[in-house]
Amino acid sequence: MTTWRNPYMTRNPLDANTNDAERATNFGERPTDNVEKLKDRLEDVASKAKDKAEQWTESATETADRQRENVSSGLERAASTLHEKATNIPGGPRAVSAAHRFADGMETTASYLREHDFADMRDDLISVCKRHPVQALVAAVAFGFLLGRSVRR
């Protein structure tokens with residue numbers, strides 16, 4: 001008696017002597033070959049994703065640095081204008097002195113922004129928060145309150 005056999009079946013599924021690792025899968029490959037291909041593909045995708053994330057990070061850093069420079073320049077121009085116009089401020093010598101102090105503070109802020117990147121600013125902020133935790137908490141609450149009010153409107 002001849003048994004009919006499916007030409008696409010590579011082994012008899014009821015035959016206990018045939019091991020799954022020994023049987024052929026797609027295109028005659030072993031299952032471990034497919035796993036290796038999958039691993040290689042996943043590594044390739046992960047590498048591409050990492051490269052893209054690095055490009056985005058670099059682009060964001062460049063944009064932030066340009067904005068930091070723009071803010072610094074704007075503060076310096078405003079401080080210069082305030083120094084020039086301070087003598088015309090009504091209110092007497094105390095108002096003029098306050099305007100000059102305010103302009104000096106703007107110049108100091110502008111130079112700080114120009115000389116420090118965001119990592120330095122973050123480190124400085126952490127340092128200040130550790131030295132003055134109560135004031136930092138009050139400032140954070142006030143900032144959050146003001147931000148919430150501005151978003152709500």
# chains A, B, ... in the order shown; residues from 1 in each chain; ligands from 1
>>> select_by_dssp(residues="stretch 24-89 of chain A", states="alpha helix (DSSP H)", output="mmCIF file with C-alpha atoms, in the first residue's frame")
data_model
loop_
_atom_site.group_PDB
_atom_site.id
_atom_site.type_symbol
_atom_site.label_atom_id
_atom_site.label_comp_id
_atom_site.auth_asym_id
_atom_site.auth_seq_id
_atom_site.Cartn_x
_atom_site.Cartn_y
_atom_site.Cartn_z
ATOM 1 C CA PRO A 31 14.722 28.074 13.053
ATOM 2 C CA THR A 32 17.959 29.337 14.616
ATOM 3 C CA ASP A 33 18.843 31.006 11.291
ATOM 4 C CA ASN A 34 15.555 32.902 11.404
ATOM 5 C CA VAL A 35 16.218 33.984 14.978
ATOM 6 C CA GLU A 36 19.643 35.279 13.992
ATOM 7 C CA LYS A 37 18.149 37.210 11.087
ATOM 8 C CA LEU A 38 15.547 38.698 13.420
ATOM 9 C CA LYS A 39 18.244 39.698 15.918
ATOM 10 C CA ASP A 40 20.288 41.338 13.154
ATOM 11 C CA ARG A 41 17.233 43.194 11.919
ATOM 12 C CA LEU A 42 16.327 44.412 15.409
ATOM 13 C CA GLU A 43 19.895 45.595 16.008
ATOM 14 C CA ASP A 44 19.795 47.474 12.701
ATOM 15 C CA VAL A 45 16.497 49.167 13.577
ATOM 16 C CA ALA A 46 17.778 50.062 17.053
ATOM 17 C CA SER A 47 20.940 51.536 15.573
ATOM 18 C CA LYS A 48 18.964 53.648 13.113
ATOM 19 C CA ALA A 49 16.655 54.859 15.888
ATOM 20 C CA LYS A 50 19.640 55.808 18.044
ATOM 21 C CA ASP A 51 21.219 57.721 15.156
ATOM 22 C CA LYS A 52 17.963 59.586 14.518
ATOM 23 C CA ALA A 53 17.600 60.452 18.221
ATOM 24 C CA GLU A 54 21.162 61.802 18.243
ATOM 25 C CA GLN A 55 20.384 63.949 15.183
ATOM 26 C CA TRP A 56 17.250 65.352 16.851
ATOM 27 C CA THR A 57 19.146 66.038 20.062
ATOM 28 C CA GLU A 58 21.898 67.845 18.177
ATOM 29 C CA SER A 59 19.356 69.899 16.243
ATOM 30 C CA ALA A 60 17.470 70.825 19.429
ATOM 31 C CA THR A 61 20.715 71.795 21.150
ATOM 32 C CA GLU A 62 21.724 74.019 18.245
ATOM 33 C CA THR A 63 18.306 75.691 18.250
ATOM 34 C CA ALA A 64 18.424 76.233 22.006
ATOM 35 C CA ASP A 65 21.921 77.719 21.754
ATOM 36 C CA ARG A 66 20.772 80.130 19.041
ATOM 37 C CA GLN A 67 17.807 81.165 21.173
ATOM 38 C CA ARG A 68 20.061 81.611 24.185
ATOM 39 C CA GLU A 69 22.280 83.934 22.137
ATOM 40 C CA ASN A 70 19.230 85.857 20.882
ATOM 41 C CA VAL A 71 17.906 86.339 24.417
ATOM 42 C CA SER A 72 21.331 87.425 25.623
ATOM 43 C CA SER A 73 21.640 89.997 22.841
ATOM 44 C CA GLY A 74 18.127 91.282 23.492
ATOM 45 C CA LEU A 75 18.838 91.701 27.199
ATOM 46 C CA GLU A 76 22.026 93.630 26.455
ATOM 47 C CA ARG A 77 20.229 95.961 24.048
ATOM 48 C CA ALA A 78 17.428 96.549 26.553
ATOM 49 C CA ALA A 79 19.938 97.208 29.357
ATOM 50 C CA SER A 80 21.832 99.672 27.164
ATOM 51 C CA THR A 81 18.629 101.494 26.277
ATOM 52 C CA LEU A 82 17.586 101.606 29.934
ATOM 53 C CA HIS A 83 20.963 103.059 30.927
ATOM 54 C CA GLU A 84 20.595 105.730 28.236
ATOM 55 C CA LYS A 85 17.022 106.655 29.199
#
>>> closest_atom_pairs(of="stretch 18-119 of chain A", to="stretch 124-140 of chain A", cutoff="12 Å", atoms="only C-alpha atoms", output="JSON lines")
{"residue": "A:Tyr112", "atom": "CA", "partner": "A:Asp124", "partner_atom": "CA", "distance": 11.2}
{"residue": "A:His116", "atom": "CA", "partner": "A:Asp124", "partner_atom": "CA", "distance": 9.9}
{"residue": "A:Asp117", "atom": "CA", "partner": "A:Asp124", "partner_atom": "CA", "distance": 10.8}
{"residue": "A:Phe118", "atom": "CA", "partner": "A:Asp124", "partner_atom": "CA", "distance": 9.7}
{"residue": "A:Ala119", "atom": "CA", "partner": "A:Asp124", "partner_atom": "CA", "distance": 8.6}
>>> atom_distance(atom1="atom CA of A:Leu113", atom2="atom CA of A:Ala142")
23.0 Å
>>> decode(residues="stretch 124-143 of chain A", atoms="N, CA and C atoms", output="CSV table (one decimal), in the first residue's frame")
chain,number,residue,atom,x,y,z
A,124,ASP,N,23.7,74.7,38.1
A,124,ASP,CA,23.6,75.9,39.0
A,124,ASP,C,22.3,75.9,39.7
A,125,LEU,N,21.2,75.6,38.9
A,125,LEU,CA,19.9,75.6,39.5
A,125,LEU,C,19.8,74.5,40.6
A,126,ILE,N,20.3,73.4,40.4
A,126,ILE,CA,20.3,72.3,41.4
A,126,ILE,C,21.0,72.7,42.6
A,127,SER,N,22.2,73.4,42.4
A,127,SER,CA,23.0,73.8,43.5
A,127,SER,C,22.2,74.9,44.4
A,128,VAL,N,21.6,75.8,43.7
A,128,VAL,CA,20.8,76.8,44.4
A,128,VAL,C,19.6,76.2,45.2
A,129,CYS,N,19.0,75.3,44.5
A,129,CYS,CA,17.8,74.6,45.2
A,129,CYS,C,18.3,73.8,46.4
A,130,LYS,N,19.5,73.2,46.4
A,130,LYS,CA,20.0,72.5,47.5
A,130,LYS,C,20.4,73.4,48.7
A,131,ARG,N,20.9,74.6,48.3
A,131,ARG,CA,21.3,75.6,49.3
A,131,ARG,C,20.1,76.3,49.9
A,132,HIS,N,19.1,76.5,49.1
A,132,HIS,CA,17.9,77.3,49.6
A,132,HIS,C,16.6,76.5,49.3
A,133,PRO,N,16.3,75.4,49.9
A,133,PRO,CA,15.2,74.6,49.5
A,133,PRO,C,13.8,75.2,49.7
A,134,VAL,N,13.7,76.0,50.8
A,134,VAL,CA,12.4,76.6,51.1
A,134,VAL,C,12.1,77.7,50.0
A,135,GLN,N,13.1,78.5,49.7
A,135,GLN,CA,12.9,79.6,48.7
A,135,GLN,C,12.6,78.9,47.3
A,136,ALA,N,13.3,77.8,47.0
A,136,ALA,CA,13.1,77.1,45.8
A,136,ALA,C,11.7,76.6,45.7
A,137,LEU,N,11.2,76.0,46.8
A,137,LEU,CA,9.9,75.5,46.8
A,137,LEU,C,8.8,76.6,46.6
A,138,VAL,N,9.0,77.7,47.3
A,138,VAL,CA,8.1,78.9,47.1
A,138,VAL,C,8.1,79.4,45.7
A,139,ALA,N,9.3,79.5,45.1
A,139,ALA,CA,9.5,80.0,43.7
A,139,ALA,C,8.8,79.0,42.8
A,140,ALA,N,9.0,77.7,43.0
A,140,ALA,CA,8.3,76.7,42.1
A,140,ALA,C,6.8,76.8,42.2
A,141,VAL,N,6.3,77.0,43.4
A,141,VAL,CA,4.8,77.1,43.5
A,141,VAL,C,4.3,78.4,42.9
A,142,ALA,N,5.0,79.5,43.1
A,142,ALA,CA,4.6,80.7,42.4
A,142,ALA,C,4.7,80.6,40.9
A,143,PHE,N,5.8,80.0,40.4
A,143,PHE,CA,5.9,79.8,38.9
A,143,PHE,C,4.8,79.0,38.4
